[in-house]
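> What follows is structure.txt, compact mmCIF, N, CA and C atoms.
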```txt
# COMPACT_ATOMS: atom_id res chain seq x y z
N MET A 322 0.84 -1.17 0.00
CA MET A 322 0.00 0.00 0.00
C MET A 322 0.89 1.24 0.00
N LYS A 323 0.51 2.20 -0.81
CA LYS A 323 1.26 3.45 -0.91
C LYS A 323 0.41 4.59 -0.35
N GLU A 324 1.00 5.37 0.54
CA GLU A 324 0.32 6.52 1.13
C GLU A 324 0.29 7.65 0.09
N ILE A 325 -0.91 8.17 -0.19
CA ILE A 325 -1.07 9.23 -1.18
C ILE A 325 -1.24 10.60 -0.52
N LEU A 326 -2.07 10.63 0.49
CA LEU A 326 -2.44 11.89 1.12
C LEU A 326 -2.64 11.65 2.61
N LYS A 327 -2.16 12.58 3.44
CA LYS A 327 -2.27 12.38 4.89
C LYS A 327 -2.50 13.70 5.60
N LYS A 328 -3.41 13.69 6.55
CA LYS A 328 -3.61 14.79 7.48
C LYS A 328 -3.58 14.16 8.86
N ASN A 329 -2.54 14.46 9.62
CA ASN A 329 -2.33 13.82 10.93
C ASN A 329 -3.56 13.88 11.82
N TRP A 330 -3.85 12.77 12.47
CA TRP A 330 -4.97 12.60 13.40
C TRP A 330 -6.33 12.80 12.74
N THR A 331 -6.37 12.77 11.40
CA THR A 331 -7.64 12.94 10.70
C THR A 331 -7.89 11.81 9.70
N TYR A 332 -7.03 11.69 8.68
CA TYR A 332 -7.22 10.65 7.67
C TYR A 332 -5.91 10.36 6.94
N ILE A 333 -5.90 9.21 6.26
CA ILE A 333 -4.83 8.84 5.33
C ILE A 333 -5.51 8.21 4.12
N LEU A 334 -5.09 8.61 2.93
CA LEU A 334 -5.59 8.02 1.70
C LEU A 334 -4.48 7.16 1.12
N TYR A 335 -4.80 5.89 0.87
CA TYR A 335 -3.82 4.93 0.36
C TYR A 335 -4.20 4.48 -1.04
N ASP A 336 -3.20 4.12 -1.82
CA ASP A 336 -3.40 3.39 -3.07
C ASP A 336 -3.11 1.93 -2.76
N ASP A 337 -4.12 1.11 -2.81
CA ASP A 337 -4.01 -0.32 -2.51
C ASP A 337 -4.16 -1.11 -3.81
N ASN A 338 -3.06 -1.22 -4.54
CA ASN A 338 -3.06 -1.94 -5.82
C ASN A 338 -4.13 -1.41 -6.78
N GLY A 339 -4.20 -0.09 -6.91
CA GLY A 339 -5.14 0.53 -7.84
C GLY A 339 -6.47 0.93 -7.23
N LYS A 340 -6.76 0.48 -6.01
CA LYS A 340 -7.99 0.89 -5.32
C LYS A 340 -7.61 1.94 -4.28
N LEU A 341 -8.46 2.94 -4.09
CA LEU A 341 -8.20 3.96 -3.09
C LEU A 341 -8.88 3.59 -1.78
N LEU A 342 -8.09 3.59 -0.72
CA LEU A 342 -8.56 3.24 0.62
C LEU A 342 -8.41 4.46 1.51
N LEU A 343 -9.52 4.89 2.10
CA LEU A 343 -9.53 6.03 3.01
C LEU A 343 -9.59 5.51 4.44
N SER A 344 -8.60 5.86 5.24
CA SER A 344 -8.54 5.48 6.65
C SER A 344 -8.78 6.73 7.48
N VAL A 345 -9.88 6.73 8.24
CA VAL A 345 -10.30 7.91 9.00
C VAL A 345 -10.18 7.61 10.49
N VAL A 346 -9.59 8.54 11.25
CA VAL A 346 -9.49 8.40 12.70
C VAL A 346 -10.83 8.83 13.30
N CYS A 347 -11.40 7.97 14.14
CA CYS A 347 -12.70 8.23 14.77
C CYS A 347 -12.57 8.15 16.29
N GLY A 348 -13.53 8.77 16.96
CA GLY A 348 -13.60 8.68 18.41
C GLY A 348 -13.02 9.91 19.10
N SER A 349 -13.19 9.94 20.41
CA SER A 349 -12.64 11.05 21.19
C SER A 349 -11.93 10.50 22.44
N PHE A 350 -12.61 9.65 23.19
CA PHE A 350 -11.97 9.05 24.37
C PHE A 350 -11.09 7.87 23.95
N GLY A 351 -11.65 7.01 23.12
CA GLY A 351 -10.90 5.90 22.53
C GLY A 351 -10.81 6.12 21.04
N LEU A 352 -9.63 6.10 20.50
CA LEU A 352 -9.45 6.34 19.07
C LEU A 352 -9.37 5.03 18.31
N PHE A 353 -9.99 5.01 17.13
CA PHE A 353 -9.92 3.85 16.26
C PHE A 353 -9.98 4.34 14.81
N ASP A 354 -9.55 3.49 13.90
CA ASP A 354 -9.57 3.82 12.48
C ASP A 354 -10.75 3.15 11.80
N ARG A 355 -11.35 3.86 10.88
CA ARG A 355 -12.41 3.31 10.03
C ARG A 355 -11.85 3.31 8.61
N ASN A 356 -11.78 2.16 7.98
CA ASN A 356 -11.22 2.03 6.65
C ASN A 356 -12.32 1.79 5.63
N ILE A 357 -12.31 2.61 4.56
CA ILE A 357 -13.36 2.56 3.55
C ILE A 357 -12.72 2.63 2.17
N TYR A 358 -13.07 1.67 1.30
CA TYR A 358 -12.64 1.76 -0.09
C TYR A 358 -13.57 2.72 -0.82
N LEU A 359 -12.99 3.64 -1.60
CA LEU A 359 -13.77 4.60 -2.36
C LEU A 359 -14.44 3.91 -3.54
N ASN A 360 -15.67 4.32 -3.83
CA ASN A 360 -16.35 3.78 -5.00
C ASN A 360 -15.90 4.55 -6.25
N GLN A 361 -16.35 4.13 -7.42
CA GLN A 361 -15.87 4.71 -8.67
C GLN A 361 -16.17 6.21 -8.78
N ASP A 362 -17.34 6.66 -8.32
CA ASP A 362 -17.69 8.08 -8.36
C ASP A 362 -16.74 8.90 -7.48
N GLU A 363 -16.41 8.38 -6.31
CA GLU A 363 -15.50 9.08 -5.39
C GLU A 363 -14.08 9.13 -5.95
N VAL A 364 -13.66 8.04 -6.59
CA VAL A 364 -12.33 8.02 -7.22
C VAL A 364 -12.27 9.03 -8.35
N THR A 365 -13.30 9.08 -9.17
CA THR A 365 -13.36 10.04 -10.27
C THR A 365 -13.33 11.47 -9.75
N SER A 366 -14.09 11.75 -8.70
CA SER A 366 -14.10 13.08 -8.09
C SER A 366 -12.72 13.46 -7.57
N TYR A 367 -12.05 12.52 -6.90
CA TYR A 367 -10.71 12.78 -6.39
C TYR A 367 -9.74 13.05 -7.53
N ASN A 368 -9.79 12.23 -8.56
CA ASN A 368 -8.88 12.38 -9.70
C ASN A 368 -9.10 13.70 -10.44
N ASP A 369 -10.34 14.16 -10.51
CA ASP A 369 -10.66 15.42 -11.18
C ASP A 369 -10.16 16.62 -10.40
N LYS A 370 -10.28 16.56 -9.07
CA LYS A 370 -9.97 17.73 -8.23
C LYS A 370 -8.61 17.65 -7.55
N LYS A 371 -8.12 16.44 -7.32
CA LYS A 371 -6.87 16.21 -6.57
C LYS A 371 -6.90 16.92 -5.22
N LYS A 372 -8.08 16.90 -4.61
CA LYS A 372 -8.25 17.49 -3.29
C LYS A 372 -8.78 16.41 -2.35
N PRO A 373 -8.61 16.61 -1.04
CA PRO A 373 -9.16 15.66 -0.08
C PRO A 373 -10.66 15.46 -0.28
N ILE A 374 -11.08 14.26 0.01
CA ILE A 374 -12.50 13.92 -0.17
C ILE A 374 -13.27 14.25 1.09
```
For this file, write the structure as structure tokens.

Amino acid sequence: MKEILKKNWTYILYDDNGKLLLSVVCGSFGLFDRNIYLNQDEVTSYNDKKKPI
């Protein structure tokens, strides 16, 4: 997995063999990560704007 975009304590966007994986930090007292693969519309939006989703 290659890290594409990162904002500390907020999210990391990875390239996972051609699929984009968004890892988001959740919680306040206990922190955990929520990992979500972007769908085709979200990938297209990201590629068009090159901005955080």
> Please provide as a list in words all residues within 6 Å of range 327-332 of chain A, with the sequence filter that same-chain residues fewer than 3 positions apart are discarded (counting only C-alpha atoms).
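Skipping anything fewer than 3 positions along the chain leaves Ser344, Val345 and Val346 of chain A.
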> For the selection you just gave me, I'd like the residues written to a file as an mmCIF file, in the coordinates of the input, keeping N, CA and C atoms.

```cif
data_model
loop_
_atom_site.group_PDB
_atom_site.id
_atom_site.type_symbol
_atom_site.label_atom_id
_atom_site.label_comp_id
_atom_site.auth_asym_id
_atom_site.auth_seq_id
_atom_site.Cartn_x
_atom_site.Cartn_y
_atom_site.Cartn_z
ATOM 1 N N SER A 344 -8.600 5.860 5.240
ATOM 2 C CA SER A 344 -8.540 5.480 6.650
ATOM 3 C C SER A 344 -8.780 6.730 7.480
ATOM 4 N N VAL A 345 -9.880 6.730 8.240
ATOM 5 C CA VAL A 345 -10.300 7.910 9.000
ATOM 6 C C VAL A 345 -10.180 7.610 10.490
ATOM 7 N N VAL A 346 -9.590 8.540 11.250
ATOM 8 C CA VAL A 346 -9.490 8.400 12.700
ATOM 9 C C VAL A 346 -10.830 8.830 13.300
#
```
> Quote the spacing between CA of Leu326 in chain A and atom N of Phe350 in chain A in Å to one decimal place.
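Taking CA of Leu326 in chain A as the start and atom N of Phe350 in chain A as the end point, the length is 24.4 Å.
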> Work out how far apart atom N of Asn360 in chain A and CA of Ile325 in chain A are and give it in Å to one decimal.
15.6 Å
> Write out as a PyMOL selection string each polymer residue whose atoms come within 7 Å of Tyr335 in chain A, counting only C-alpha atoms; drop sequence neighbours fewer than 4 positions from it.
chain A and resi 322-325+341-343
> State, in Å with one decimal place, the distance from atom N of Asn356 in chain A to CA of Asp369 in chain A.
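Between these atoms lies a distance of 23.3 Å.
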> Mind checking DSSP for chain A and telling me the alpha helix (DSSP H) residues as a count of residues only?
10
> Grab all the atoms of range 329-348 of chain A that the file lists, wrap them in a box along x, y and z, add 5 Å per side, and give me centre plus edge lengths in Å (one decimal) as JSON.

```
{"center_x": -8.0, "center_y": 6.3, "center_z": 5.6, "size_x": 21.3, "size_y": 26.4, "size_z": 36.9}
```
> Enumerate the residues of chain A with a DSSP assignment of strand (DSSP E), computed from the backbone, and present them as a list in words.
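After running DSSP on the backbone, chain A has strand (DSSP E) at Lys323, Glu324, Ile325, Leu326, Lys327, Lys328, Tyr332, Ile333, Leu334, Tyr335, Asp336, Asp337, Lys340, Leu341, Leu342, Leu343, Ser344, Val345, Val346, Cys347, Phe353, Asp354, Arg355, Asn356, Ile357 and Tyr358 of chain A.
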